[in-house]
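Heads up, entry_1.csv below (CSV, C-alpha atoms):
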chain,number,residue,atom,x,y,z
A,1,MET,CA,-0.8,-17.0,-26.2
A,2,ASN,CA,-0.7,-17.5,-29.9
A,3,ASN,CA,-2.8,-15.6,-32.5
A,4,ALA,CA,-4.5,-18.7,-33.8
A,5,GLY,CA,-5.8,-19.4,-30.3
A,6,ARG,CA,-7.1,-15.8,-30.1
A,7,ASN,CA,-8.9,-15.9,-33.4
A,8,ASN,CA,-11.1,-18.8,-32.1
A,9,HIS,CA,-12.8,-16.2,-29.9
A,10,SER,CA,-14.4,-13.4,-31.8
A,11,ASP,CA,-17.0,-12.1,-29.3
A,12,PRO,CA,-15.9,-9.1,-27.1
A,13,VAL,CA,-15.1,-10.2,-23.6
A,14,SER,CA,-17.7,-9.2,-21.0
A,15,GLU,CA,-16.1,-10.8,-18.0
A,16,PHE,CA,-12.7,-12.3,-16.9
A,17,ILE,CA,-11.8,-15.4,-15.0
A,18,LEU,CA,-9.4,-14.9,-12.2
A,19,LEU,CA,-7.6,-18.2,-11.6
A,20,GLY,CA,-6.3,-17.1,-8.3
A,21,PHE,CA,-4.6,-20.1,-6.6
A,22,PRO,CA,-5.8,-23.2,-8.3
A,23,CYS,CA,-5.8,-26.2,-6.0
A,24,ILE,CA,-8.0,-28.9,-4.5
A,25,TRP,CA,-11.2,-27.8,-2.6
A,26,GLU,CA,-9.8,-28.6,0.8
A,27,THR,CA,-6.8,-26.4,0.2
A,28,GLN,CA,-9.1,-23.6,-1.1
A,29,ILE,CA,-10.9,-23.7,2.3
A,30,LEU,CA,-7.7,-23.6,4.2
A,31,LEU,CA,-6.5,-20.6,2.2
A,32,PHE,CA,-9.9,-18.9,2.7
A,33,ALA,CA,-9.5,-19.3,6.5
A,34,PHE,CA,-5.9,-18.2,6.5
A,35,PHE,CA,-6.5,-15.0,4.5
A,36,SER,CA,-9.7,-14.2,6.4
A,37,VAL,CA,-7.6,-14.2,9.6
A,38,ILE,CA,-4.9,-12.0,7.9
A,39,TYR,CA,-7.6,-9.6,6.7
A,40,VAL,CA,-9.2,-9.2,10.1
A,41,LEU,CA,-5.8,-8.8,11.8
A,42,THR,CA,-4.8,-6.1,9.2
A,43,LEU,CA,-8.0,-4.1,9.7
A,44,THR,CA,-7.7,-4.4,13.5
A,45,GLY,CA,-4.0,-3.4,13.6
A,46,ASN,CA,-4.4,-0.4,11.4
A,47,LEU,CA,-7.7,0.7,13.1
A,48,SER,CA,-5.9,0.5,16.5
A,49,ILE,CA,-3.3,3.0,15.3
A,50,ILE,CA,-6.0,5.3,14.0
A,51,CYS,CA,-7.8,5.2,17.3
A,52,ALA,CA,-4.6,5.7,19.3
A,53,VAL,CA,-3.8,8.8,17.3
A,54,TRP,CA,-7.4,10.1,17.5
A,55,TRP,CA,-7.8,9.6,21.3
A,56,ASP,CA,-4.3,10.4,22.6
A,57,HIS,CA,-3.7,14.2,22.6
A,58,HIS,CA,0.0,13.5,22.9
A,59,LEU,CA,0.0,12.1,19.3
A,60,HIS,CA,-1.8,15.1,17.8
A,61,THR,CA,1.4,15.9,15.8
A,62,PRO,CA,2.1,16.0,12.0
A,63,MET,CA,4.1,12.8,12.2
A,64,TYR,CA,1.3,10.8,13.8
A,65,THR,CA,-1.4,12.5,11.7
A,66,LEU,CA,0.4,11.3,8.6
A,67,LEU,CA,0.7,7.8,10.2
A,68,ALA,CA,-3.1,7.7,10.9
A,69,ASN,CA,-3.8,8.6,7.3
A,70,PHE,CA,-1.3,5.9,6.2
A,71,SER,CA,-3.1,3.3,8.3
A,72,PHE,CA,-6.5,4.4,7.0
A,73,LEU,CA,-5.1,4.0,3.4
A,74,GLU,CA,-3.7,0.5,4.3
A,75,MET,CA,-7.2,-0.6,5.4
A,76,TRP,CA,-8.7,0.3,2.0
A,77,TYR,CA,-5.6,-0.9,0.1
A,78,VAL,CA,-6.0,-4.5,1.4
A,79,THR,CA,-9.8,-4.2,1.1
A,80,SER,CA,-9.4,-3.6,-2.7
A,81,THR,CA,-8.1,-7.1,-3.2
A,82,VAL,CA,-8.7,-9.5,-0.3
A,83,PRO,CA,-12.5,-9.7,-0.2
A,84,SER,CA,-12.7,-10.5,-3.9
A,85,MET,CA,-9.9,-13.1,-3.4
A,86,LEU,CA,-11.8,-14.7,-0.5
A,87,ALA,CA,-15.0,-14.8,-2.7
A,88,ASN,CA,-12.9,-16.4,-5.4
A,89,PHE,CA,-11.7,-19.2,-3.1
A,90,LEU,CA,-15.4,-20.2,-2.6
A,91,SER,CA,-16.5,-19.7,-6.1
A,92,GLN,CA,-16.8,-22.3,-8.8
A,93,THR,CA,-16.8,-19.9,-11.7
A,94,LYS,CA,-14.2,-17.4,-10.4
A,95,THR,CA,-15.5,-14.7,-12.8
A,96,ILE,CA,-15.3,-10.9,-12.5
A,97,SER,CA,-17.1,-8.5,-14.8
A,98,PHE,CA,-15.2,-6.4,-17.3
A,99,MET,CA,-16.2,-3.2,-15.4
A,100,GLY,CA,-15.4,-4.8,-12.0
A,101,CYS,CA,-12.0,-5.9,-13.2
A,102,PHE,CA,-11.0,-2.4,-14.3
A,103,LEU,CA,-12.5,-0.8,-11.1
A,104,GLN,CA,-10.3,-3.2,-9.0
A,105,PHE,CA,-7.3,-2.3,-11.2
A,106,TYR,CA,-8.0,1.4,-10.7
A,107,PHE,CA,-8.6,1.4,-7.0
A,108,PHE,CA,-5.8,-1.1,-6.2
A,109,PHE,CA,-3.1,0.8,-8.1
A,110,SER,CA,-4.4,4.3,-7.1
A,111,MET,CA,-4.1,3.4,-3.5
A,112,GLY,CA,-0.7,1.9,-4.1
A,113,THR,CA,0.4,5.1,-5.7
A,114,THR,CA,-1.1,7.1,-2.8
A,115,GLU,CA,1.0,4.9,-0.5
A,116,THR,CA,4.2,6.0,-2.3
A,117,PHE,CA,3.2,9.7,-1.8
A,118,PHE,CA,2.4,9.2,1.9
A,119,LEU,CA,5.8,7.4,2.4
A,120,SER,CA,7.4,10.4,0.7
A,121,ALA,CA,5.5,12.9,2.9
A,122,MET,CA,6.5,11.0,6.0
A,123,ALA,CA,10.1,11.0,4.9
A,124,PHE,CA,9.9,14.8,4.4
A,125,ASP,CA,8.4,15.2,7.8
A,126,ARG,CA,11.3,13.3,9.4
A,127,TYR,CA,13.8,15.3,7.4
A,128,LEU,CA,12.3,18.6,8.7
A,129,ALA,CA,12.1,17.4,12.3
A,130,ILE,CA,15.7,16.2,12.5
A,131,CYS,CA,17.6,18.3,10.0
A,132,ARG,CA,15.6,21.6,10.5
A,133,PRO,CA,14.3,21.3,14.0
A,134,LEU,CA,14.1,25.1,14.6
A,135,ARG,CA,12.0,25.6,11.5
A,136,TYR,CA,9.9,22.5,11.9
A,137,PRO,CA,7.1,24.0,14.0
A,138,THR,CA,6.5,26.8,11.6
A,139,VAL,CA,6.9,24.8,8.4
A,140,MET,CA,5.0,21.6,9.3
A,141,THR,CA,1.9,23.1,10.9
A,142,VAL,CA,-1.3,21.0,11.3
A,143,GLN,CA,-3.0,22.9,8.5
A,144,ARG,CA,0.0,22.2,6.1
A,145,CYS,CA,0.0,18.6,7.2
A,146,ILE,CA,-3.7,18.2,6.4
A,147,ARG,CA,-3.1,19.9,3.0
A,148,MET,CA,-0.2,17.6,2.3
A,149,GLY,CA,-2.3,14.5,3.2
A,150,ALA,CA,-5.1,15.7,0.9
A,151,CYS,CA,-2.6,16.3,-1.9
A,152,CYS,CA,-1.3,12.7,-1.5
A,153,TRP,CA,-4.9,11.3,-1.9
A,154,LEU,CA,-5.7,13.6,-4.8
A,155,CYS,CA,-2.5,12.9,-6.7
A,156,GLY,CA,-2.6,9.2,-6.0
A,157,PHE,CA,-6.1,8.8,-7.4
A,158,SER,CA,-5.4,11.0,-10.4
A,159,CYS,CA,-2.2,9.4,-11.6
A,160,PHE,CA,-3.6,6.0,-12.7
A,161,LEU,CA,-6.5,7.3,-14.8
A,162,LEU,CA,-4.4,7.3,-17.9
A,163,PRO,CA,-3.0,3.7,-17.7
A,164,VAL,CA,-6.4,2.4,-16.8
A,165,TYR,CA,-8.0,4.2,-19.7
A,166,LEU,CA,-5.4,3.0,-22.2
A,167,ILE,CA,-5.6,-0.6,-21.2
A,168,SER,CA,-9.4,-0.5,-21.1
A,169,GLN,CA,-9.5,0.6,-24.7
A,170,LEU,CA,-7.6,-2.4,-25.9
A,171,PRO,CA,-9.7,-5.0,-27.8
A,172,PHE,CA,-10.4,-8.1,-25.7
A,173,CYS,CA,-12.0,-10.9,-27.7
A,174,GLY,CA,-10.8,-14.0,-25.9
A,175,PRO,CA,-9.4,-15.9,-24.1
A,176,ASN,CA,-10.5,-14.2,-20.9
A,177,THR,CA,-8.5,-16.2,-18.2
A,178,ILE,CA,-6.2,-14.1,-16.0
A,179,ASP,CA,-3.6,-16.3,-14.2
A,180,HIS,CA,-3.7,-14.0,-11.1
A,181,PHE,CA,-5.8,-13.3,-8.1
A,182,LEU,CA,-6.4,-9.6,-9.1
A,183,CYS,CA,-6.7,-7.6,-12.3
A,184,ASP,CA,-3.0,-6.8,-12.9
A,185,PRO,CA,-2.1,-4.7,-16.0
A,186,GLY,CA,0.6,-7.2,-17.2
A,187,PRO,CA,-1.8,-10.3,-17.5
A,188,LEU,CA,-4.5,-8.0,-18.8
A,189,MET,CA,-2.4,-6.6,-21.7
A,190,LYS,CA,-1.4,-10.2,-22.6
A,191,LEU,CA,-5.1,-10.9,-23.3
A,192,SER,CA,-5.5,-8.2,-25.8
A,193,CYS,CA,-6.4,-9.4,-29.3
A,194,VAL,CA,-3.8,-7.2,-30.9
A,195,PRO,CA,-0.2,-6.3,-29.8
A,196,ALA,CA,-0.1,-3.0,-27.9
A,197,PRO,CA,3.6,-2.0,-27.6
A,198,ALA,CA,2.8,1.7,-27.2
A,199,THR,CA,0.5,1.0,-24.2
A,200,GLU,CA,3.0,-1.4,-22.7
A,201,ILE,CA,5.9,1.1,-23.0
A,202,THR,CA,3.7,3.9,-21.7
A,203,CYS,CA,2.7,1.9,-18.6
A,204,ALA,CA,6.3,0.7,-18.0
A,205,ILE,CA,7.7,4.3,-18.2
A,206,PHE,CA,4.8,5.5,-16.0
A,207,ASN,CA,5.6,2.8,-13.3
A,208,SER,CA,9.3,3.4,-13.4
A,209,VAL,CA,9.1,7.2,-13.1
A,210,LEU,CA,6.6,7.0,-10.3
A,211,ILE,CA,8.5,4.3,-8.3
A,212,PHE,CA,12.0,5.7,-8.8
A,213,SER,CA,11.1,9.4,-8.3
A,214,THR,CA,9.4,8.7,-4.9
A,215,PHE,CA,12.0,6.2,-3.9
A,216,LEU,CA,14.9,8.6,-4.7
A,217,PHE,CA,13.1,11.3,-2.8
A,218,ILE,CA,12.8,9.1,0.3
A,219,THR,CA,16.3,7.8,0.1
A,220,SER,CA,17.7,11.3,-0.3
A,221,SER,CA,15.7,12.5,2.7
A,222,TYR,CA,17.0,9.7,4.9
A,223,THR,CA,20.5,10.1,3.7
A,224,LEU,CA,20.4,13.7,5.0
A,225,VAL,CA,18.6,12.5,8.2
A,226,ILE,CA,21.3,9.8,8.9
A,227,ARG,CA,24.1,12.4,8.4
A,228,ALA,CA,22.4,14.7,10.8
A,229,VAL,CA,21.8,12.0,13.4
A,230,LEU,CA,25.4,10.8,13.3
A,231,ARG,CA,26.5,14.4,14.2
A,232,VAL,CA,24.4,14.3,17.4
A,233,PRO,CA,26.9,14.2,20.3
A,234,SER,CA,24.9,12.1,22.8
A,235,ALA,CA,24.3,8.4,22.2
A,236,GLU,CA,20.8,8.8,23.7
A,237,GLY,CA,20.0,11.5,21.2
A,238,ARG,CA,21.1,9.3,18.3
A,239,ARG,CA,19.1,6.4,19.6
A,240,LYS,CA,15.9,8.5,19.9
A,241,ALA,CA,16.3,10.0,16.5
A,242,PHE,CA,17.0,6.6,14.8
A,243,SER,CA,14.0,5.1,16.7
A,244,THR,CA,11.6,7.6,15.1
A,245,CYS,CA,12.9,6.8,11.6
A,246,GLY,CA,13.6,3.0,11.9
A,247,SER,CA,9.9,2.1,11.6
A,248,HIS,CA,9.4,4.2,8.5
A,249,LEU,CA,12.6,2.8,6.9
A,250,ALA,CA,11.4,-0.8,7.5
A,251,VAL,CA,8.1,-0.1,5.9
A,252,VAL,CA,9.7,1.6,2.9
A,253,SER,CA,12.1,-1.3,2.5
A,254,LEU,CA,9.3,-3.9,2.5
A,255,PHE,CA,7.0,-2.0,0.1
A,256,TYR,CA,9.5,-0.7,-2.4
A,257,GLY,CA,11.6,-3.9,-2.4
A,258,SER,CA,8.5,-6.0,-3.5
A,259,ILE,CA,7.1,-3.5,-6.0
A,260,MET,CA,10.4,-3.0,-7.7
A,261,VAL,CA,10.7,-6.8,-8.1
A,262,MET,CA,7.2,-6.8,-9.6
A,263,TYR,CA,7.0,-3.7,-11.8
A,264,VAL,CA,10.6,-2.6,-12.5
A,265,SER,CA,12.6,-5.8,-12.9
A,266,PRO,CA,12.0,-7.9,-16.0
A,267,THR,CA,9.2,-10.3,-14.8
A,268,ALA,CA,7.8,-11.2,-18.1
A,269,GLY,CA,9.8,-14.5,-18.1
A,270,ASN,CA,9.0,-15.3,-14.5
A,271,PRO,CA,6.4,-18.0,-13.7
A,272,ALA,CA,2.9,-16.7,-12.9
A,273,GLY,CA,3.3,-18.2,-9.4
A,274,ILE,CA,6.3,-16.0,-8.6
A,275,GLN,CA,4.4,-12.9,-9.7
A,276,LYS,CA,1.4,-13.9,-7.5
A,277,ILE,CA,3.6,-14.4,-4.5
A,278,VAL,CA,5.4,-11.1,-4.9
A,279,THR,CA,2.0,-9.3,-5.4
A,280,LEU,CA,0.6,-11.1,-2.4
A,281,PHE,CA,3.5,-9.9,-0.3
A,282,TYR,CA,3.2,-6.2,-1.0
A,283,SER,CA,-0.6,-6.1,-1.3
A,284,VAL,CA,-1.6,-8.3,1.7
A,285,MET,CA,1.4,-8.9,4.0
A,286,THR,CA,2.9,-5.4,4.2
A,287,PRO,CA,-0.4,-3.8,5.4
A,288,LEU,CA,-0.4,-6.5,8.1
A,289,PHE,CA,3.2,-5.9,9.1
A,290,ASN,CA,3.0,-2.1,9.1
A,291,PRO,CA,1.0,-1.8,12.4
A,292,LEU,CA,3.3,-4.3,14.0
A,293,ILE,CA,6.4,-2.4,12.9
A,294,TYR,CA,5.1,1.0,14.0
A,295,SER,CA,3.7,-0.3,17.4
A,296,LEU,CA,6.7,-2.5,18.3
A,297,ARG,CA,9.5,-0.1,17.3
A,298,ASN,CA,7.9,3.2,18.4
A,299,LYS,CA,7.8,3.8,22.2
A,300,GLU,CA,5.2,6.6,22.0
A,301,MET,CA,2.8,4.5,19.9
A,302,LYS,CA,3.3,1.5,22.2
A,303,GLU,CA,2.4,3.6,25.2
A,304,ALA,CA,-0.6,5.2,23.5
A,305,LEU,CA,-1.9,1.7,22.5
A,306,LYS,CA,-1.6,0.4,26.0
A,307,ARG,CA,-3.5,3.4,27.3
A,308,LEU,CA,-6.1,3.0,24.6
A,309,PHE,CA,-6.7,-0.6,25.5
A,310,ARG,CA,-6.9,0.2,29.2
A,311,ILE,CA,-9.6,2.9,28.4
A,312,MET,CA,-11.5,0.3,26.2
A,313,ILE,CA,-11.4,-2.2,29.0
A,314,SER,CA,-12.5,0.3,31.6
A,315,GLY,CA,-15.3,1.6,29.4
A,316,GLN,CA,-14.4,5.2,29.6
A,317,GLY,CA,-15.1,7.4,26.5
A,318,GLN,CA,-12.9,10.5,27.1
A,319,PRO,CA,-9.9,11.2,24.9
A,320,LEU,CA,-6.6,10.3,26.5
A,321,LYS,CA,-4.6,13.0,28.2
A,322,HIS,CA,-1.5,13.2,30.3
Show me, as structure tokens, the structure contained in the file I just sent.
Amino acid sequence: MNNAGRNNHSDPVSEFILLGFPCIWETQILLFAFFSVIYVLTLTGNLSIICAVWWDHHLHTPMYTLLANFSFLEMWYVTSTVPSMLANFLSQTKTISFMGCFLQFYFFFSMGTTETFFLSAMAFDRYLAICRPLRYPTVMTVQRCIRMGACCWLCGFSCFLLPVYLISQLPFCGPNTIDHFLCDPGPLMKLSCVPAPATEITCAIFNSVLIFSTFLFITSSYTLVIRAVLRVPSAEGRRKAFSTCGSHLAVVSLFYGSIMVMYVSPTAGNPAGIQKIVTLFYSVMTPLFNPLIYSLRNKEMKEALKRLFRIMISGQGQPLKH
């Protein structure tokens, strides 16, 4: 966007236009129906995992407590973007207020940050369980697990206060059109009336440190886990150990692979459409895949879900016991 074009708009911006996925009206309706189904399936899948952990006493362990927290987080993570995107499909104006834009920015990225912390906590839990099995019951107590989960939430919602504040203080005087389906910091900073290299560098460093530090922690944990598993003498023992970690590694690969493409690789020259697709994948599709991955690859979760559905069909209300 050139400076001459910006100077034609001198009034401060009070709202933004989210272009979303511009296409003909019939296609907008199809997209609305498609993402509505995705949203309902995502909420249903993650809620099923939460209910299975809540009702089945066999799953009252630190690993599944963290997983239930993670599923609860995924429900809110997808809710921070999809409802507004659905409303955008049916809207003629496609506007979002200045405050609404930055609130979406804050909640979306705070929950994304919280997700990186929960994935790190889950990796640490598996490291202790497999590499330090004798110490695991005393180190990973229920109380410590609860404190760890609370710390993930607190740190996740504290980290993005600075980037949101810095970008919100930039002068926005027009144009106000964001070629995206959510208020992403990259397109937002491009709409600033004046260049803001310091803010851009600060946000880039912040994203890189956050993503790489948690990713290195997770990969280090699983390197130690894999080394320990390979030393297990029995094939059945190795298979069981890998099955508990395979689901988590699949989720980590999906999430980190897409956010690194978006926020670490040089995406400034990429078409806006590519950035939308990558964002769509990690913000909408991974919360849908996660319950499928955990339920299909985890035998205990599969059995708990079967028992939960039988209880729901029979109409009983007592917690599941063996």
Separation of CA of Thr138 (chain A) from CA of Gly156 (chain A), in Å and rounded to one decimal
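So the two atoms, CA of Thr138 (chain A) and CA of Gly156 (chain A), lie 26.5 Å apart.
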Quick one: of A:Trp153, A:Ser258, A:Pro62, A:Phe212, who's nearest to Met285 (chain A), counting all atoms listed in the file?
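Under the stated criterion, the closest residue is A:Ser258.
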Taking 5 positions as the minimum chain separation for residues in the same chain, which residues sit within 6 Å of region 109-121 of chain A when counting all atoms listed in the file? Answer as a PyMOL selection string.
chain A and resi 77+152-153+156-157+160+218
Could you please determine the separation between CA of Glu300 (chain A) and CA of Ala129 (chain A) in Å, to one decimal place?
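So the two atoms, CA of Glu300 (chain A) and CA of Ala129 (chain A), lie 16.1 Å apart.
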Nearest residue to Tyr39 (chain A) out of A:Ser234, A:Ser283, A:Phe107, A:Ser14, using only C-alpha atoms?
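Under the stated criterion, the closest residue is A:Ser283.
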A:Val261, A:Phe206, A:Met301, A:Met122: which is nearest Ser221 (chain A), counting all atoms listed in the file?
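Of all the options, A:Met122 lies closest to Ser221 (chain A).
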Which of A:Ile226, A:Val194, A:Cys155, A:Val139 sits closest to Gly246 (chain A) [using only C-alpha atoms]
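Between A:Ile226, A:Val194, A:Cys155, A:Val139, the residue approaching Gly246 (chain A) most closely is A:Ile226.
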Shortest interatomic distance to Thr79 (chain A) - which of A:Pro133, A:Ser36, A:Leu59, A:Lys94, counting all atoms listed in the file
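The shortest atom-to-atom distance to Thr79 (chain A) comes from A:Ser36.
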CA of Ile274 (chain A) and CA of Ile29 (chain A), how far apart in Å?
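The value is 21.8 Å.
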